[in-house]
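The structure file model.txt is reproduced below (compact mmCIF, C-alpha atoms).
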# COMPACT_ATOMS: atom_id res chain seq x y z
CA MET A 4 37.43 -1.55 1.69
CA SER A 5 39.37 -4.50 0.44
CA PHE A 6 36.60 -5.77 -1.82
CA PRO A 7 35.38 -4.36 -5.15
CA VAL A 8 33.10 -1.36 -4.83
CA ALA A 9 30.50 -3.18 -6.94
CA TYR A 10 29.72 -5.47 -3.95
CA PRO A 11 28.10 -2.86 -1.72
CA LEU A 12 26.51 -1.18 -4.74
CA ILE A 13 24.83 -4.44 -5.74
CA LEU A 14 23.75 -5.04 -2.13
CA GLY A 15 22.23 -1.55 -2.16
CA ALA A 16 20.42 -2.29 -5.42
CA ILE A 17 19.00 -5.56 -4.05
CA LEU A 18 17.80 -3.98 -0.80
CA PHE A 19 16.31 -1.05 -2.72
CA ALA A 20 14.52 -3.42 -5.09
CA LEU A 21 13.07 -5.40 -2.15
CA GLY A 22 11.89 -2.19 -0.50
CA LEU A 23 10.44 -0.94 -3.78
CA TYR A 24 8.54 -4.18 -4.33
CA GLY A 25 7.14 -4.08 -0.80
CA ALA A 26 6.15 -0.42 -1.05
CA LEU A 27 4.33 -1.08 -4.32
CA THR A 28 2.48 -4.23 -3.29
CA GLN A 29 1.67 -3.93 0.42
CA ARG A 30 -1.57 -2.42 1.67
CA ASN A 31 -0.64 -1.96 5.33
CA ALA A 32 0.56 1.60 5.86
CA ILE A 33 3.08 0.61 8.53
CA ARG A 34 4.62 -2.03 6.31
CA ILE A 35 4.93 0.47 3.47
CA LEU A 36 6.75 2.75 5.92
CA MET A 37 9.11 -0.09 6.80
CA CYS A 38 9.82 -0.67 3.10
CA VAL A 39 10.59 3.02 2.61
CA GLU A 40 13.06 2.85 5.50
CA LEU A 41 14.65 -0.16 3.80
CA MET A 42 15.06 1.85 0.60
CA LEU A 43 16.64 4.76 2.46
CA ASN A 44 19.09 2.37 4.08
CA ALA A 45 20.03 0.95 0.68
CA VAL A 46 20.69 4.49 -0.53
CA ASN A 47 22.97 5.05 2.46
CA ILE A 48 25.02 1.98 1.54
CA ASN A 49 25.40 3.37 -1.98
CA LEU A 50 26.41 6.82 -0.73
CA ILE A 51 29.15 5.42 1.48
CA ALA A 52 30.42 3.10 -1.25
CA PHE A 53 30.54 5.89 -3.83
CA GLY A 54 32.19 8.21 -1.35
CA SER A 55 35.02 5.84 -0.58
CA THR A 56 35.52 5.06 -4.29
CA LEU A 57 35.58 8.67 -5.45
CA GLN A 58 38.12 9.71 -2.76
CA ALA A 59 35.44 11.69 -0.94
CA ALA A 60 34.74 9.42 2.01
CA THR A 61 33.82 12.33 4.31
CA ALA A 62 31.30 13.82 1.90
CA GLY A 63 29.69 10.44 1.24
CA GLN A 64 29.35 9.64 4.92
CA LEU A 65 27.95 13.09 5.68
CA PHE A 66 25.32 12.69 2.98
CA ALA A 67 24.36 9.36 4.52
CA LEU A 68 24.16 11.07 7.92
CA PHE A 69 21.76 13.70 6.54
CA VAL A 70 19.66 10.98 4.93
CA MET A 71 19.43 9.32 8.36
CA THR A 72 18.30 12.62 9.91
CA VAL A 73 15.57 13.09 7.34
CA ALA A 74 14.52 9.44 7.71
CA ALA A 75 14.16 9.85 11.48
CA ALA A 76 11.99 12.95 11.01
CA GLU A 77 9.98 11.16 8.35
CA VAL A 78 9.26 8.07 10.43
CA ALA A 79 8.06 10.20 13.37
CA LEU A 80 5.64 12.20 11.21
CA ALA A 81 4.48 9.18 9.23
CA LEU A 82 3.64 7.25 12.38
CA ALA A 83 1.77 10.24 13.83
CA ILE A 84 -0.34 10.32 10.67
CA ILE A 85 -0.86 6.55 10.74
CA LEU A 86 -1.98 6.67 14.36
CA ILE A 87 -4.58 9.34 13.55
CA LEU A 88 -5.72 7.22 10.63
CA ALA A 89 -6.04 4.15 12.85
CA ARG A 90 -8.06 6.14 15.39
CA ARG A 91 -10.41 7.79 12.88
CA GLU A 92 -10.92 5.04 10.33
CA LYS A 93 -10.28 2.00 12.55
CA HIS A 94 -7.98 0.55 9.89
CA ILE A 95 -4.70 1.42 8.15
CA ASP A 96 -5.43 -0.17 4.79
CA ILE A 97 -4.26 2.41 2.27
CA GLU A 98 -6.45 0.90 -0.45
CA ARG A 99 -9.49 2.04 1.51
CA VAL A 100 -8.21 5.47 2.54
CA ASN A 101 -9.60 8.22 0.33
CA LEU A 102 -9.58 11.28 2.58
CA LEU A 103 -7.27 13.18 0.21
CA ARG A 104 -8.50 11.65 -3.00
CA TRP A 105 -9.35 14.81 -4.90
CA MET B 11 39.07 -14.49 -0.18
CA ASP B 12 40.31 -12.34 2.65
CA LEU B 13 38.53 -11.83 5.91
CA SER B 14 36.80 -8.53 5.17
CA ARG B 15 35.35 -9.86 1.94
CA VAL B 16 33.97 -12.94 3.70
CA THR B 17 32.55 -10.72 6.44
CA PHE B 18 30.92 -8.41 3.93
CA LEU B 19 29.38 -11.25 1.95
CA THR B 20 28.02 -12.89 5.11
CA LEU B 21 26.49 -9.63 6.33
CA ALA B 22 25.09 -8.89 2.88
CA ALA B 23 23.47 -12.32 2.62
CA LEU B 24 21.90 -11.97 6.09
CA ALA B 25 20.68 -8.45 5.27
CA THR B 26 19.13 -9.62 2.01
CA VAL B 27 17.36 -12.58 3.63
CA SER B 28 15.98 -10.48 6.48
CA ALA B 29 14.93 -7.69 4.09
CA PHE B 30 13.05 -10.33 2.10
CA ARG B 31 11.33 -11.42 5.31
CA VAL B 32 10.36 -7.79 6.01
CA VAL B 33 8.36 -7.82 2.79
CA THR B 34 6.97 -11.34 3.04
CA ALA B 35 6.44 -12.04 6.77
CA SER B 36 2.75 -12.68 7.37
CA LYS B 37 2.66 -10.97 10.78
CA ILE B 38 3.60 -7.30 10.77
CA MET B 39 5.21 -7.63 14.19
CA HIS B 40 7.64 -10.19 12.77
CA ALA B 41 8.28 -7.90 9.81
CA ALA B 42 9.23 -5.08 12.18
CA LEU B 43 11.65 -7.32 14.09
CA TRP B 44 13.20 -8.52 10.82
CA LEU B 45 13.56 -4.86 9.88
CA GLY B 46 15.57 -4.25 13.04
CA PHE B 47 17.79 -7.22 12.18
CA THR B 48 18.29 -5.84 8.66
CA PHE B 49 19.35 -2.48 10.11
CA LEU B 50 21.84 -4.25 12.37
CA MET B 51 23.35 -6.13 9.42
CA VAL B 52 23.58 -2.91 7.42
CA ALA B 53 25.46 -1.37 10.35
CA GLY B 54 27.93 -4.24 10.02
CA VAL B 55 28.22 -3.51 6.30
CA PHE B 56 29.04 0.11 7.16
CA LEU B 57 31.81 -1.15 9.45
CA THR B 58 33.35 -3.25 6.70
CA MET B 59 33.33 -0.17 4.47
CA GLY B 60 35.29 1.85 7.02
CA ALA B 61 32.42 4.06 8.19
CA GLU B 62 32.64 3.53 11.94
CA PHE B 63 30.65 6.60 12.93
CA LEU B 64 27.90 5.78 10.47
CA ALA B 65 27.70 2.26 11.88
CA ALA B 66 27.28 3.63 15.40
CA ALA B 67 24.69 6.14 14.21
CA GLN B 68 22.87 3.38 12.35
CA VAL B 69 22.63 1.28 15.50
CA LEU B 70 21.51 4.27 17.58
CA ILE B 71 19.03 5.82 15.15
CA TYR B 72 17.66 2.91 13.17
CA VAL B 73 17.93 -0.08 15.49
CA GLY B 74 17.39 1.98 18.63
CA ALA B 75 14.85 4.58 17.58
CA VAL B 76 13.16 3.82 14.26
CA THR B 77 12.48 0.14 14.97
CA THR B 78 11.20 0.99 18.44
CA ILE B 79 8.91 3.72 17.10
CA ILE B 80 7.56 1.37 14.43
CA LEU B 81 6.91 -1.31 17.07
CA PHE B 82 5.05 1.25 19.18
CA GLY B 83 3.07 2.29 16.12
CA ILE B 84 2.06 -1.32 15.45
CA MET B 85 1.03 -1.88 19.06
CA LEU B 86 -1.06 1.30 19.11
CA SER B 87 -2.74 0.92 15.73
CA GLU B 88 -3.17 -2.83 15.30
CA ALA B 89 -4.22 -3.97 18.73
CA ALA B 90 -6.16 -6.93 17.34
CA GLU B 91 -3.18 -8.46 15.60
CA VAL B 92 -0.81 -7.88 18.50
CA ARG B 93 -3.17 -9.76 20.81
CA GLY B 94 -2.99 -12.77 18.51
CA GLY B 95 -5.70 -12.13 15.96
CA ARG B 96 -5.35 -12.06 12.21
CA ASP B 97 -3.66 -9.26 10.31
CA PRO B 98 -6.63 -7.20 9.04
CA VAL B 99 -4.71 -6.21 5.92
CA ALA B 100 -2.71 -9.37 5.41
CA PRO B 101 -0.80 -9.46 2.12
CA THR B 102 -3.07 -11.45 -0.16
CA THR B 103 -2.83 -12.25 -3.82
CA PRO B 104 -5.06 -9.71 -5.56
CA LYS B 105 -7.80 -10.83 -7.91
CA GLY B 106 -9.42 -9.34 -10.97
CA PRO B 107 -8.16 -6.13 -12.57
CA ALA B 108 -6.13 -5.29 -9.48
CA ILE B 109 -3.75 -8.13 -10.30
CA ILE B 110 -2.02 -6.03 -12.96
CA ARG B 111 -1.65 -2.98 -10.75
CA ARG B 112 -0.76 -4.74 -7.53
CA PHE B 113 1.13 -7.82 -8.70
CA ILE B 114 2.47 -7.76 -12.27
CA LEU B 115 3.56 -4.13 -12.57
CA PRO B 116 5.47 -4.07 -9.26
CA ILE B 117 7.30 -7.29 -10.12
CA VAL B 118 8.21 -6.02 -13.60
CA ALA B 119 9.35 -2.64 -12.25
CA THR B 120 11.38 -4.17 -9.44
CA LEU B 121 13.06 -6.82 -11.57
CA ALA B 122 13.84 -4.32 -14.31
CA PHE B 123 15.33 -1.91 -11.78
CA ALA B 124 17.46 -4.59 -10.12
CA ALA B 125 18.61 -6.04 -13.45
CA ILE B 126 19.62 -2.66 -14.89
CA MET B 127 21.40 -1.60 -11.71
CA ILE B 128 23.31 -4.86 -11.27
CA PHE B 129 24.25 -4.86 -14.97
CA VAL B 130 25.54 -1.30 -14.81
CA TYR B 131 27.42 -1.85 -11.57
CA SER B 132 29.11 -5.01 -12.79
CA GLN B 133 30.07 -3.54 -16.18
CA ALA B 134 31.24 -0.08 -15.11
CA PRO B 135 35.00 0.55 -15.05
CA TRP B 136 35.35 1.35 -11.37
CA PRO B 137 38.60 2.85 -10.13
CA ASP B 138 40.63 0.59 -7.88
CA ALA B 139 39.16 0.31 -4.43
CA SER B 140 40.87 3.05 -2.49
CA ALA B 141 42.64 2.38 0.74
CA ALA B 142 40.48 3.22 3.72
CA PRO B 143 41.07 6.82 4.82
CA ALA B 144 43.87 6.90 7.32
CA GLY B 145 43.21 8.28 10.76
CA ASP B 146 39.90 8.41 12.56
CA THR B 147 36.94 9.20 10.36
CA VAL B 148 35.04 10.61 13.32
CA ARG B 149 37.42 13.57 13.57
CA LEU B 150 37.19 14.18 9.80
CA LEU B 151 33.40 13.95 9.88
CA GLY B 152 33.11 16.29 12.84
CA SER B 153 35.35 18.98 11.39
CA ALA B 154 33.64 18.77 7.99
CA LEU B 155 30.24 18.98 9.67
CA PHE B 156 31.09 22.23 11.42
CA THR B 157 33.00 23.89 8.55
CA ASP B 158 31.93 22.97 5.02
CA TYR B 159 28.54 21.55 5.90
CA VAL B 160 27.47 23.81 8.73
CA VAL B 161 24.40 25.16 6.89
CA PRO B 162 22.91 21.73 6.13
CA PHE B 163 23.76 20.74 9.70
CA GLU B 164 21.76 23.62 11.14
CA LEU B 165 18.95 22.97 8.66
CA ALA B 166 18.85 19.35 9.80
CA ALA B 167 18.53 20.55 13.40
CA VAL B 168 15.61 22.80 12.44
CA LEU B 169 14.04 19.96 10.46
CA LEU B 170 14.19 17.64 13.46
CA LEU B 171 12.66 20.31 15.71
CA VAL B 172 9.85 20.97 13.22
CA ALA B 173 9.19 17.24 12.84
CA LEU B 174 9.09 16.78 16.61
CA VAL B 175 6.66 19.67 17.16
CA GLY B 176 4.64 18.68 14.10
CA ALA B 177 4.22 15.06 15.17
CA ILE B 178 3.03 16.13 18.61
CA ALA B 179 0.74 18.82 17.16
CA ILE B 180 -0.91 16.38 14.73
CA ALA B 181 -1.64 13.81 17.40
CA VAL B 182 -2.80 16.26 20.08
CA ARG B 183 -5.08 18.30 17.82
CA ASP B 184 -6.78 15.14 16.66
CA ASP B 185 -7.45 14.08 20.25
CA HIS B 186 -9.03 17.45 20.97
CA LYS B 187 -11.38 17.24 17.99
CA GLU B 188 -12.52 13.78 18.93
CA GLU B 189 -13.39 14.95 22.43
CA GLN B 190 -15.42 17.84 21.00
CA GLY B 191 -17.20 15.85 18.33
Please render this file's structure as structure tokens.
Amino acid sequence: MSFPVAYPLILGAILFALGLYGALTQRNAIRILMCVELMLNAVNINLIAFGSTLQAATAGQLFALFVMTVAAAEVALALAIILILARREKHIDIERVNLLRW
Amino acid sequence: MDLSRVTFLTLAALATVSAFRVVTASKIMHAALWLGFTFLMVAGVFLTMGAEFLAAAQVLIYVGAVTTIILFGIMLSEAAEVRGGRDPVAPTTPKGPAIIRRFILPIVATLAFAAIMIFVYSQAPWPDASAAPAGDTVRLLGSALFTDYVVPFELAAVLLLVALVGAIAIAVRDDHKEEQG
């Protein structure tokens, strides 16, 4: 990296903030899932940047790799749940889903 | 302004714009495609940070798999919109008491988070940017994965297997119940 480490960290913060805003405001379950993926990607940028700054590039990249693994598992399960929701309730508006309310 | 800095800033600007479109695009299909573009730009950012293997994995897993799965999910669950209708849960400006919960609080939380983070990052006394690790990072990553991090590696394998079986089990069991009921 021949640029200051603050650059990728700030990029990660901006992407995380965009994902956070989307996850808090959207009602469509699939779009919330997309925003969560965006946040995980921002975290990966931060992990790699911190790793290369703290002389632990391998550890940082491996953490990012594990985050990617968990994100792949998460997106598969989340979409399975969303598909059931769409089939049962005929919509995926999380404001109107109250199956697990209590 | 050297080349890698210009490259990083270009990729970062494109990633930010497309991430913004992910949140604001009116059609969810467009949002998913913007998401794929964002992932691609982030892969470029990984390259500029000297993480070649991570960039390849990002393209394979996120651009190749996650975006595709999300597109399939949209096509299967929102058939009306894909065929050209309106988004049934289009992002609208909330009215009444929901405006605080769904509009003001998220904006305040997001802006506060971004402001604090950017302030901290720009003020902190970072050590000098280290030279990129010499040699191929793939070899380093592979040997670390099978020596120091072998337990998390195996756990990740089990996690993926469980998620695979679980996703199939959820979907299939639901089908069965619907046929019975």
Discussion item. Please check the contacts: residues of chain B at most 7 Å away from chain A, using all atoms listed in the file, listed as a ChimeraX atom specification.
Written reply: /B:14-15,22,26,29-30,33,38,58-60,64,76,83,87,99,101,112-113,116-117,120,123-124,127-128,131-132,137,139-142,150-151,166,170,173,177,180-181,184
Practice prompt. Just give me the gap between CA of Ala119 (chain B) and CA of Lys37 (chain B) in Å, one decimal is fine.
Written response: 25.4 Å
Worksheet item: What does the distance between CA of Leu121 (chain B) and CA of Gln68 (chain B) come to in Å, to one decimal place?
Response: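 Between CA of Leu121 (chain B) and CA of Gln68 (chain B) the gap is 27.8 Å.
Of the residues under consideration (B:Leu43, B:Ala53, B:Ala108, B:Glu62), B:Leu43 shows the shortest atom-to-atom contact distance to Ile80 (chain B) when counting all atoms listed in the file.
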Discussion item. As an exercise, work out the distance from CA of Val73 (chain B) to CA of Gly46 (chain B) in Å and give it to one decimal place.
Written reply: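 Between CA of Val73 (chain B) and CA of Gly46 (chain B) the gap is 5.4 Å.
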Discussion item. Nearest residue to Leu81 (chain B) out of B:Val16, B:Ala25, B:Ala167, B:Leu45, using only C-alpha atoms?
Written reply: B:Leu45
